[in-house]
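final_33.cif (mmCIF, C-alpha atoms)
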data_coords
#
loop_
_atom_site.label_atom_id
_atom_site.label_comp_id
_atom_site.auth_asym_id
_atom_site.auth_seq_id
_atom_site.Cartn_x
_atom_site.Cartn_y
_atom_site.Cartn_z
CA MET B 15 -6.91 41.76 -33.16
CA ARG B 16 -7.29 45.54 -32.86
CA GLU B 17 -6.71 47.02 -29.41
CA GLN B 18 -10.30 48.27 -28.95
CA SER B 19 -11.65 44.80 -29.68
CA LYS B 20 -9.16 43.14 -27.35
CA SER B 21 -10.11 45.56 -24.59
CA PHE B 22 -13.80 44.78 -25.15
CA LEU B 23 -13.14 41.03 -24.84
CA GLU B 24 -11.20 41.56 -21.63
CA LYS B 25 -14.00 43.69 -20.16
CA LEU B 26 -16.53 41.00 -21.02
CA ILE B 27 -14.52 38.40 -19.12
CA VAL B 28 -14.03 40.42 -15.94
CA THR B 29 -17.71 41.42 -15.77
CA PRO B 30 -19.79 38.90 -13.77
CA SER B 31 -22.65 37.40 -15.77
CA PRO B 32 -24.15 34.36 -14.01
CA SER B 33 -27.06 32.73 -15.80
CA GLY B 34 -30.10 34.70 -14.68
CA ASN B 35 -28.20 37.89 -13.81
CA GLU B 36 -26.47 38.95 -17.01
CA PHE B 37 -27.52 42.58 -16.88
CA GLU B 38 -24.22 44.34 -16.17
CA LEU B 39 -22.53 42.53 -19.02
CA GLN B 40 -25.44 43.27 -21.35
CA LYS B 41 -25.09 46.99 -20.60
CA LEU B 42 -21.42 46.73 -21.55
CA TRP B 43 -22.32 44.85 -24.76
CA MET B 44 -24.91 47.49 -25.73
CA GLU B 45 -22.43 50.29 -25.10
CA TYR B 46 -19.94 48.64 -27.48
CA VAL B 47 -22.32 47.98 -30.38
CA LYS B 48 -24.17 51.32 -30.26
CA ASP B 49 -21.54 53.02 -32.44
CA PHE B 50 -22.19 50.78 -35.44
CA ALA B 51 -25.55 49.04 -34.99
CA HIS B 52 -28.43 50.51 -36.97
CA LYS B 53 -30.91 49.39 -34.31
CA ILE B 54 -30.69 47.99 -30.76
CA GLU B 55 -33.55 46.22 -28.98
CA THR B 56 -33.96 44.46 -25.64
CA ASP B 57 -36.67 42.18 -24.28
CA VAL B 58 -38.25 41.00 -21.04
CA VAL B 59 -35.62 38.33 -20.31
CA GLY B 60 -32.58 40.52 -20.94
CA ASN B 61 -31.49 39.67 -24.47
CA VAL B 62 -29.81 42.42 -26.47
CA MET B 63 -30.49 42.38 -30.23
CA ALA B 64 -28.38 44.68 -32.40
CA SER B 65 -28.92 44.83 -36.13
CA VAL B 66 -27.61 46.18 -39.41
CA ASN B 67 -30.08 46.73 -42.29
CA PRO B 68 -33.02 45.54 -40.15
CA ASP B 69 -35.52 46.40 -42.90
CA LYS B 70 -34.08 43.85 -45.34
CA PRO B 71 -36.49 40.89 -45.79
CA PHE B 72 -33.85 38.12 -45.45
CA LYS B 73 -32.79 38.05 -41.78
CA VAL B 74 -29.62 36.38 -40.54
CA MET B 75 -29.56 35.90 -36.78
CA LEU B 76 -26.21 35.35 -35.03
CA ALA B 77 -26.56 34.27 -31.40
CA GLY B 78 -23.82 34.15 -28.77
CA HIS B 79 -24.87 33.58 -25.17
CA CYS B 80 -23.33 35.83 -22.54
CA ASP B 81 -24.19 33.95 -19.35
CA GLU B 82 -21.77 31.91 -17.27
CA ILE B 83 -22.10 28.94 -14.96
CA ALA B 84 -22.13 29.81 -11.26
CA PHE B 85 -23.26 28.81 -7.80
CA MET B 86 -26.17 30.33 -5.87
CA VAL B 87 -26.37 30.86 -2.11
CA ASN B 88 -29.04 28.59 -0.61
CA HIS B 89 -28.09 28.51 3.09
CA ILE B 90 -26.10 30.49 5.66
CA ASP B 91 -25.25 28.77 8.94
CA SER B 92 -24.93 30.25 12.43
CA ASN B 93 -21.14 30.51 12.09
CA GLY B 94 -21.37 32.64 8.93
CA TYR B 95 -20.46 29.96 6.40
CA ILE B 96 -22.25 30.07 3.04
CA TYR B 97 -23.67 27.00 1.31
CA VAL B 98 -24.58 26.83 -2.37
CA THR B 99 -26.41 25.06 -5.15
CA LYS B 100 -25.57 24.95 -8.86
CA ALA B 101 -26.69 27.45 -11.52
CA GLY B 102 -25.69 25.59 -14.68
CA GLY B 103 -23.23 22.78 -15.25
CA ILE B 104 -20.57 23.84 -12.77
CA SER B 105 -18.40 21.12 -11.22
CA PRO B 106 -18.24 21.07 -7.39
CA LYS B 107 -15.00 19.06 -7.52
CA LEU B 108 -13.18 21.91 -9.22
CA ALA B 109 -14.38 24.44 -6.65
CA LEU B 110 -12.48 23.02 -3.68
CA GLY B 111 -9.93 25.52 -2.41
CA MET B 112 -10.84 28.11 -5.04
CA ARG B 113 -11.19 31.79 -4.29
CA VAL B 114 -14.63 33.10 -5.22
CA ARG B 115 -16.61 36.31 -5.59
CA VAL B 116 -20.00 36.47 -3.92
CA LEU B 117 -22.20 38.95 -5.79
CA GLY B 118 -23.75 40.33 -2.63
CA LYS B 119 -26.27 43.04 -1.83
CA ASN B 120 -23.54 45.66 -1.28
CA GLY B 121 -21.24 44.57 -4.09
CA ILE B 122 -18.65 41.83 -4.48
CA LEU B 123 -17.53 39.97 -1.37
CA LYS B 124 -14.42 37.81 -1.58
CA GLY B 125 -14.40 34.29 -0.18
CA VAL B 126 -12.74 30.88 -0.28
CA VAL B 127 -14.31 27.47 -0.84
CA GLY B 128 -13.21 25.57 2.23
CA VAL B 129 -11.52 22.19 1.96
CA LYS B 130 -10.40 19.76 4.66
CA ALA B 131 -6.62 19.46 4.81
CA GLU B 132 -5.04 16.22 3.57
CA HIS B 133 -3.57 15.81 7.08
CA GLN B 134 -7.15 15.61 8.40
CA GLY B 135 -8.45 13.17 5.81
CA GLY B 136 -8.81 15.49 2.80
CA ALA B 137 -11.84 15.90 0.60
CA GLY B 138 -14.12 12.98 -0.17
CA ASP B 139 -14.11 11.21 -3.50
CA LYS B 140 -17.61 12.26 -4.48
CA ILE B 141 -18.12 15.98 -4.01
CA LYS B 142 -21.56 17.49 -4.55
CA ALA B 143 -22.62 21.13 -4.43
CA LYS B 144 -24.25 20.54 -1.04
CA ASP B 145 -20.83 19.56 0.36
CA LEU B 146 -19.28 22.94 -0.44
CA PHE B 147 -19.05 25.81 2.00
CA ILE B 148 -17.67 29.30 1.47
CA ASP B 149 -15.66 31.18 4.06
CA CYS B 150 -15.80 34.98 3.70
CA GLY B 151 -14.12 35.58 7.02
CA ALA B 152 -17.36 36.42 8.84
CA ALA B 153 -17.63 35.75 12.55
CA ASN B 154 -21.27 34.69 12.50
CA LYS B 155 -24.54 34.68 10.56
CA GLU B 156 -25.49 38.17 11.72
CA GLU B 157 -22.33 39.61 10.19
CA ILE B 158 -22.44 37.76 6.87
CA THR B 159 -26.13 38.51 6.24
CA LYS B 160 -25.29 42.21 6.18
CA HIS B 161 -23.56 41.43 2.88
CA VAL B 162 -25.08 38.21 1.50
CA SER B 163 -28.65 37.03 0.87
CA ILE B 164 -30.20 33.75 -0.21
CA GLY B 165 -30.15 33.65 -4.02
CA ASP B 166 -26.96 35.66 -4.46
CA TYR B 167 -24.62 34.32 -7.13
CA VAL B 168 -21.08 33.07 -6.60
CA ILE B 169 -18.44 32.98 -9.36
CA TYR B 170 -14.77 32.02 -9.43
CA ASP B 171 -12.28 34.76 -8.57
CA VAL B 172 -10.30 34.44 -11.80
CA ASP B 173 -10.23 36.54 -14.96
CA TYR B 174 -7.90 35.95 -17.94
CA GLU B 175 -4.31 35.31 -18.99
CA TYR B 176 -2.51 35.44 -22.33
CA MET B 177 -0.50 32.28 -23.08
CA LEU B 178 2.01 31.02 -25.63
CA ASN B 179 1.08 30.61 -29.31
CA ASP B 180 -1.85 33.07 -29.21
CA ASN B 181 -3.70 30.93 -26.69
CA PHE B 182 -5.88 32.61 -24.10
CA ALA B 183 -7.18 31.37 -20.73
CA GLY B 184 -10.13 32.76 -18.84
CA ARG B 185 -13.25 32.31 -16.78
CA ALA B 186 -16.43 31.65 -18.75
CA LEU B 187 -14.96 31.78 -22.23
CA ASP B 188 -18.04 29.61 -22.69
CA ASN B 189 -19.53 31.79 -23.93
CA ARG B 190 -18.14 35.28 -23.55
CA THR B 191 -16.28 34.51 -26.77
CA GLY B 192 -19.55 33.92 -28.63
CA ALA B 193 -21.05 37.21 -27.43
CA PHE B 194 -17.80 38.90 -28.47
CA ILE B 195 -17.73 37.22 -31.89
CA VAL B 196 -21.27 38.18 -32.90
CA ALA B 197 -20.62 41.81 -31.90
CA GLU B 198 -17.41 41.88 -33.92
CA VAL B 199 -19.11 40.37 -36.97
CA LEU B 200 -21.78 43.07 -36.82
CA ARG B 201 -19.10 45.77 -36.54
CA ARG B 202 -17.22 44.49 -39.57
CA VAL B 203 -20.28 44.21 -41.83
CA ALA B 204 -21.92 47.45 -40.67
CA ASP B 205 -20.23 49.65 -43.29
CA LYS B 206 -20.32 47.02 -46.07
CA ASP B 207 -24.08 47.31 -46.77
CA PRO B 208 -24.81 43.56 -46.88
CA ASN B 209 -27.75 42.30 -48.94
CA VAL B 210 -29.33 40.79 -45.82
CA ALA B 211 -30.43 42.01 -42.42
CA VAL B 212 -27.89 40.97 -39.80
CA TYR B 213 -28.95 40.52 -36.19
CA ALA B 214 -26.22 40.01 -33.59
CA VAL B 215 -27.80 38.79 -30.37
CA SER B 216 -26.19 38.49 -26.96
CA THR B 217 -28.51 35.89 -25.46
CA VAL B 218 -29.16 35.05 -21.82
CA ASN B 219 -29.90 31.90 -19.81
CA GLU B 220 -28.25 29.36 -22.16
CA GLU B 221 -26.43 27.61 -19.33
CA THR B 222 -29.64 27.00 -17.39
CA ASN B 223 -32.68 26.86 -19.68
CA MET B 224 -31.84 28.29 -23.16
CA GLY B 225 -34.90 30.51 -22.91
CA GLY B 226 -33.05 33.58 -24.12
CA ALA B 227 -32.51 32.27 -27.62
CA TYR B 228 -36.15 31.25 -27.90
CA PHE B 229 -37.38 34.70 -26.88
CA ALA B 230 -34.97 36.45 -29.25
CA ALA B 231 -35.74 34.30 -32.28
CA SER B 232 -39.48 34.53 -31.62
CA HIS B 233 -39.14 38.31 -31.75
CA ILE B 234 -36.77 38.57 -34.74
CA LYS B 235 -38.38 35.82 -36.85
CA PRO B 236 -35.10 35.14 -38.69
CA THR B 237 -34.83 33.56 -42.12
CA MET B 238 -31.85 31.62 -40.81
CA GLY B 239 -29.93 31.37 -37.58
CA ILE B 240 -26.33 30.66 -36.66
CA ALA B 241 -25.44 29.90 -33.06
CA CYS B 242 -21.90 30.91 -32.11
CA ASP B 243 -20.81 28.85 -29.13
CA VAL B 244 -17.83 26.78 -28.03
CA SER B 245 -17.19 23.07 -28.39
CA PHE B 246 -14.76 20.50 -27.05
CA ALA B 247 -11.16 20.61 -28.18
CA THR B 248 -9.66 17.12 -28.02
CA ASP B 249 -5.95 17.98 -28.22
CA TYR B 250 -4.96 17.43 -24.60
CA PRO B 251 -4.07 14.34 -22.52
CA GLY B 252 -6.74 11.84 -21.56
CA ILE B 253 -9.06 12.35 -24.53
CA ASP B 254 -9.92 9.41 -26.81
CA SER B 255 -10.08 10.91 -30.31
CA ARG B 256 -11.81 7.78 -31.64
CA GLU B 257 -14.76 8.64 -29.44
CA SER B 258 -14.51 12.44 -29.31
CA GLY B 259 -13.08 13.26 -32.74
CA ASN B 260 -10.09 15.41 -33.63
CA ILE B 261 -10.49 19.08 -32.75
CA ASP B 262 -7.38 21.18 -32.20
CA LEU B 263 -6.85 24.70 -30.92
CA GLY B 264 -5.53 26.99 -33.65
CA LYS B 265 -6.92 24.97 -36.55
CA GLY B 266 -10.07 26.96 -37.13
CA PRO B 267 -13.72 27.15 -36.08
CA ILE B 268 -15.91 24.05 -35.97
CA LEU B 269 -18.90 23.39 -38.21
CA SER B 270 -21.51 20.91 -37.00
CA LYS B 271 -23.12 18.13 -39.01
CA GLY B 272 -26.28 16.32 -38.03
CA ALA B 273 -30.08 16.35 -37.99
CA PRO B 274 -30.53 19.87 -36.53
CA ILE B 275 -28.20 21.48 -39.07
CA ASN B 276 -29.29 22.95 -42.39
CA ASP B 277 -26.91 21.66 -45.06
CA LYS B 278 -27.41 24.70 -47.30
CA ILE B 279 -26.22 27.06 -44.57
CA ASN B 280 -23.21 24.82 -44.03
CA ALA B 281 -22.54 24.97 -47.76
CA LEU B 282 -22.48 28.78 -47.61
CA LEU B 283 -20.02 28.65 -44.72
CA GLU B 284 -17.83 26.07 -46.46
CA LYS B 285 -17.73 28.08 -49.69
CA ALA B 286 -16.69 31.21 -47.80
CA ALA B 287 -14.03 29.22 -45.93
CA GLU B 288 -12.59 27.81 -49.17
CA GLU B 289 -12.61 31.11 -51.06
CA ASN B 290 -10.97 33.00 -48.19
CA GLU B 291 -8.57 30.22 -47.10
CA ILE B 292 -10.09 29.96 -43.63
CA PRO B 293 -9.48 26.61 -41.93
CA VAL B 294 -12.50 24.79 -40.51
CA GLN B 295 -13.00 21.64 -38.47
CA TYR B 296 -16.04 19.40 -38.02
CA GLU B 297 -18.02 17.84 -35.20
CA LEU B 298 -21.14 15.69 -35.16
CA THR B 299 -24.43 16.69 -33.55
CA PRO B 300 -26.68 13.80 -34.63
CA ARG B 301 -29.64 14.54 -32.39
CA ALA B 302 -29.31 18.01 -30.85
CA THR B 303 -26.56 20.59 -30.57
CA GLY B 304 -26.96 21.45 -26.88
CA THR B 305 -26.73 25.15 -27.83
CA ASP B 306 -28.96 28.11 -28.63
CA ALA B 307 -29.36 26.65 -32.13
CA ASP B 308 -31.83 24.09 -30.76
CA LYS B 309 -34.19 26.77 -29.44
CA ILE B 310 -33.84 29.07 -32.45
CA ARG B 311 -34.71 26.16 -34.72
CA LEU B 312 -38.03 25.53 -32.96
CA THR B 313 -39.42 29.06 -33.07
CA GLY B 314 -42.27 30.16 -35.33
CA THR B 315 -42.81 27.78 -38.23
CA GLY B 316 -39.22 26.54 -37.90
CA VAL B 317 -35.90 28.23 -38.58
CA PRO B 318 -33.02 26.63 -40.54
CA VAL B 319 -29.91 26.77 -38.36
CA ALA B 320 -26.20 26.10 -38.30
CA LEU B 321 -23.71 25.99 -35.44
CA VAL B 322 -20.25 27.53 -35.65
CA SER B 323 -18.19 26.73 -32.57
CA LEU B 324 -14.89 27.86 -31.12
CA PRO B 325 -12.57 25.02 -30.02
CA LEU B 326 -12.16 25.18 -26.25
CA ARG B 327 -10.15 23.17 -23.73
CA TYR B 328 -11.33 22.41 -20.17
CA MET B 329 -14.99 23.36 -20.61
CA HIS B 330 -16.83 24.51 -17.46
CA SER B 331 -13.61 24.67 -15.49
CA PRO B 332 -12.37 27.84 -13.72
CA SER B 333 -9.84 28.40 -16.54
CA GLU B 334 -10.94 27.53 -20.05
CA VAL B 335 -8.50 27.91 -22.96
CA VAL B 336 -9.08 29.07 -26.54
CA SER B 337 -6.99 30.36 -29.44
CA ILE B 338 -7.09 34.02 -30.48
CA LYS B 339 -6.38 32.82 -34.03
CA ASP B 340 -9.55 30.70 -33.96
CA ILE B 341 -11.57 33.69 -32.74
CA GLU B 342 -10.28 35.80 -35.64
CA ASN B 343 -10.92 33.03 -38.16
CA GLU B 344 -14.47 32.52 -36.92
CA ILE B 345 -15.23 36.22 -37.18
CA GLU B 346 -13.81 36.35 -40.70
CA LEU B 347 -15.72 33.22 -41.74
CA LEU B 348 -19.03 34.71 -40.63
CA VAL B 349 -18.28 38.11 -42.15
CA GLN B 350 -17.37 36.64 -45.53
CA THR B 351 -20.39 34.32 -45.51
CA ILE B 352 -22.75 37.22 -44.86
CA LEU B 353 -21.14 39.46 -47.49
CA SER B 354 -21.38 36.68 -50.07
CA MET B 355 -25.15 36.36 -49.67
CA SER B 356 -27.60 37.79 -52.20
CA GLY B 357 -30.61 37.73 -49.92
CA ASN B 358 -32.39 35.34 -52.28
CA GLU B 359 -30.94 32.11 -50.91
CA ASN B 360 -33.34 29.15 -50.80
CA LEU B 361 -32.59 27.10 -47.71
CA LYS B 362 -35.20 24.38 -48.29
CA PRO B 363 -33.33 21.05 -48.62
CA LEU B 364 -35.62 19.69 -51.35
CA GLU B 365 -35.57 22.70 -53.65
#

Take the structure in the file and write it out as structure tokens.
Amino acid sequence: MREQSKSFLEKLIVTPSPSGNEFELQKLWMEYVKDFAHKIETDVVGNVMASVNPDKPFKVMLAGHCDEIAFMVNHIDSNGYIYVTKAGGISPKLALGMRVRVLGKNGILKGVVGVKAEHQGGAGDKIKAKDLFIDCGAANKEEITKHVSIGDYVIYDVDYEYMLNDNFAGRALDNRTGAFIVAEVLRRVADKDPNVAVYAVSTVNEETNMGGAYFAASHIKPTMGIACDVSFATDYPGIDSRESGNIDLGKGPILSKGAPINDKINALLEKAAEENEIPVQYELTPRATGTDADKIRLTGTGVPVALVSLPLRYMHSPSEVVSIKDIENEIELLVQTILSMSGNENLKPLE
């Protein structure tokens, strides 16, 4: 991966982007794509839509959501302790003892999620968000409310680490990696004059309501859509592969199969993978994908969609793990698929 791209990925990870307050990250994303996008648009919910050849009639929409799971402040007690609720599928059990960043009115305030010592009985077996409290060192409510308000977001105080074998750990790789991938695909096709319009969209709100993808697709009216998200790697202890399938880090991006997925788009992806010797893996999404693809599909008169996912370990934990090789292979797969298209593809299954 080139150094400028690596730096961009790292900046994405360290920039807070809780679902509902993605704006600082979106500014960073816009700044990156402005040098190669032919057109950049935003909308009322905060999506950023960058395109190459936007006047071409056949429109390919690539969507990677930029928001992360978080907590939100819902109560401050008289002693200055902060209480929270969930914004997305964040696990309260994993928060115990973690350092956090409160995105307060005057900037970031550091804190710790308190936990009862084992000597005093330890944490309970069933931890809910309402059981968590955050200690920022304040003496009382009057002091803490100078910095924190109801509705402020709280994220984990972790960023990223490079690991062995091109593996990479970080906060909210679900789905900073997707926002990164769609930007990189746009960059690599920008000077190739593809036969189709290419829209790379950094979408908002996926972790809470998926409204961002719906707004973006309703505006773009794509001919086809590809959601670029993450999915569950199964190559670590405690996973039953008979139930969850076999998905390994480092063995390529994942293509989905199931009712929401357009087989002709998958065929384009598979042909590009074969011709360019790009490894791919498969997962099943029989009913719904649980990603932006579901909302894109239901816009307008209906949009044929596919889902290309990055294998990821420890989803929605403070430190998720992916493979840099898989990121590169996914980018190359999407680039080669787009460059192979004539712009006359018929995606109707019965024709």

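You will find CA of Glu17 (chain B) at 25.6 Å from CA of Ala241 (chain B).
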
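Minimum distance to Tyr95 (chain B) across B:Gly272, B:Gly316, B:Gly225, B:Gly151 (counting only C-alpha atoms) occurs at B:Gly151.
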
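Compared by their closest atoms to Asn179 (chain B), and using only C-alpha atoms, the residues B:Asn120, B:Ser323, B:Ser337, B:Asn360 rank with B:Ser337 nearest.
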
| Neighbours of point (-19.2, 35.3, 11.5) within 12 Å, using all atoms listed in the file, written as a PyMOL selection string | chain B and resi 90-96+148-162

Next, write the just-selected residues to a file, as a PDB file, keeping the file's coordinate frame, keeping C-alpha atoms as the atom set.
ATOM      1  CA  ILE B  90     -26.100  30.490   5.660  1.00  0.00           C
ATOM      2  CA  ASP B  91     -25.250  28.770   8.940  1.00  0.00           C
ATOM      3  CA  SER B  92     -24.930  30.250  12.430  1.00  0.00           C
ATOM      4  CA  ASN B  93     -21.140  30.510  12.090  1.00  0.00           C
ATOM      5  CA  GLY B  94     -21.370  32.640   8.930  1.00  0.00           C
ATOM      6  CA  TYR B  95     -20.460  29.960   6.400  1.00  0.00           C
ATOM      7  CA  ILE B  96     -22.250  30.070   3.040  1.00  0.00           C
ATOM      8  CA  ILE B 148     -17.670  29.300   1.470  1.00  0.00           C
ATOM      9  CA  ASP B 149     -15.660  31.180   4.060  1.00  0.00           C
ATOM     10  CA  CYS B 150     -15.800  34.980   3.700  1.00  0.00           C
ATOM     11  CA  GLY B 151     -14.120  35.580   7.020  1.00  0.00           C
ATOM     12  CA  ALA B 152     -17.360  36.420   8.840  1.00  0.00           C
ATOM     13  CA  ALA B 153     -17.630  35.750  12.550  1.00  0.00           C
ATOM     14  CA  ASN B 154     -21.270  34.690  12.500  1.00  0.00           C
ATOM     15  CA  LYS B 155     -24.540  34.680  10.560  1.00  0.00           C
ATOM     16  CA  GLU B 156     -25.490  38.170  11.720  1.00  0.00           C
ATOM     17  CA  GLU B 157     -22.330  39.610  10.190  1.00  0.00           C
ATOM     18  CA  ILE B 158     -22.440  37.760   6.870  1.00  0.00           C
ATOM     19  CA  THR B 159     -26.130  38.510   6.240  1.00  0.00           C
ATOM     20  CA  LYS B 160     -25.290  42.210   6.180  1.00  0.00           C
ATOM     21  CA  HIS B 161     -23.560  41.430   2.880  1.00  0.00           C
ATOM     22  CA  VAL B 162     -25.080  38.210   1.500  1.00  0.00           C
TER      23      VAL B 162
END

| said: Applying the PyMOL selection byres ((chain B and resi 230) around 8) to the file I just gave you, which residues come out? Please list them as a VMD selection string. | reply: chain B and resid 57 61 63 215 217 226 to 229 231 to 234

| query | B:Ala84, B:Leu108, B:Thr351, B:Glu24: which is nearest Gly165 (chain B), counting all atoms listed in the file? | reply | B:Ala84

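If you measure from each of B:Leu110, B:Ala204, B:Leu123, B:Met15 to Asp139 (chain B) using only C-alpha atoms, the closest one turns out to be B:Leu110.
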
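For the choices B:Ala193, B:Val98, B:Val114, B:Met44, the atom-to-atom distance to Gly78 (chain B) is smallest for B:Ala193 when using all atoms listed in the file.
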
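Going from CA of Ile253 (chain B) to CA of Ala186 (chain B) covers 21.5 Å.
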
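Nearest-residue note for Ile345 (chain B): choosing from B:Glu198, B:Glu289, B:Asp171, B:Glu220, the minimum distance belongs to B:Glu198, counting only C-alpha atoms.
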
| task | Give me the result of the PyMOL selection byres ((chain B and resi 212) around 12) on this file, residue by residue, as a ChimeraX atom specification. | result | /B:51-54,63-77,196-197,199-204,206-211,213-215,234,236-240,348-349,351-353,355,357

| message | Evaluated on this file, the PyMOL selection byres ((chain B and resi 26-41) around 10) picks out some residues - which ones are they, written as an MDAnalysis selection string? | response | chainID B and resid 20:25 42:46 56 59:62 79:86 101:102 115 117 122 166:174 184:187 189:191 193:194 216:224 226

| remark: Students should find that CA of Pro106 (chain B) and CA of Pro251 (chain B) are spaced 21.8 Å

| message | Need to verify the contact set: region 276-285 of chain B, 8 Å, only C-alpha atoms, exclusion of same-chain residues closer than 4 positions in sequence. Can you return it as a count of residues only? | response | 12

| message | Give me, as a VMD selection string, all polymer residues having an atom no more than 9 Å from Arg327 (chain B), counting all atoms listed in the file and skipping those fewer than 6 positions away in the same chain. | response | chain B and resid 245 to 250 263 333 to 336

Deliver the residues from the most recent selection as a file, using C-alpha atoms, as a PDB file, in the coordinates of the input.
ATOM      1  CA  SER B 245     -17.190  23.070 -28.390  1.00  0.00           C
ATOM      2  CA  PHE B 246     -14.760  20.500 -27.050  1.00  0.00           C
ATOM      3  CA  ALA B 247     -11.160  20.610 -28.180  1.00  0.00           C
ATOM      4  CA  THR B 248      -9.660  17.120 -28.020  1.00  0.00           C
ATOM      5  CA  ASP B 249      -5.950  17.980 -28.220  1.00  0.00           C
ATOM      6  CA  TYR B 250      -4.960  17.430 -24.600  1.00  0.00           C
ATOM      7  CA  LEU B 263      -6.850  24.700 -30.920  1.00  0.00           C
ATOM      8  CA  SER B 333      -9.840  28.400 -16.540  1.00  0.00           C
ATOM      9  CA  GLU B 334     -10.940  27.530 -20.050  1.00  0.00           C
ATOM     10  CA  VAL B 335      -8.500  27.910 -22.960  1.00  0.00           C
ATOM     11  CA  VAL B 336      -9.080  29.070 -26.540  1.00  0.00           C
TER      12      VAL B 336
END
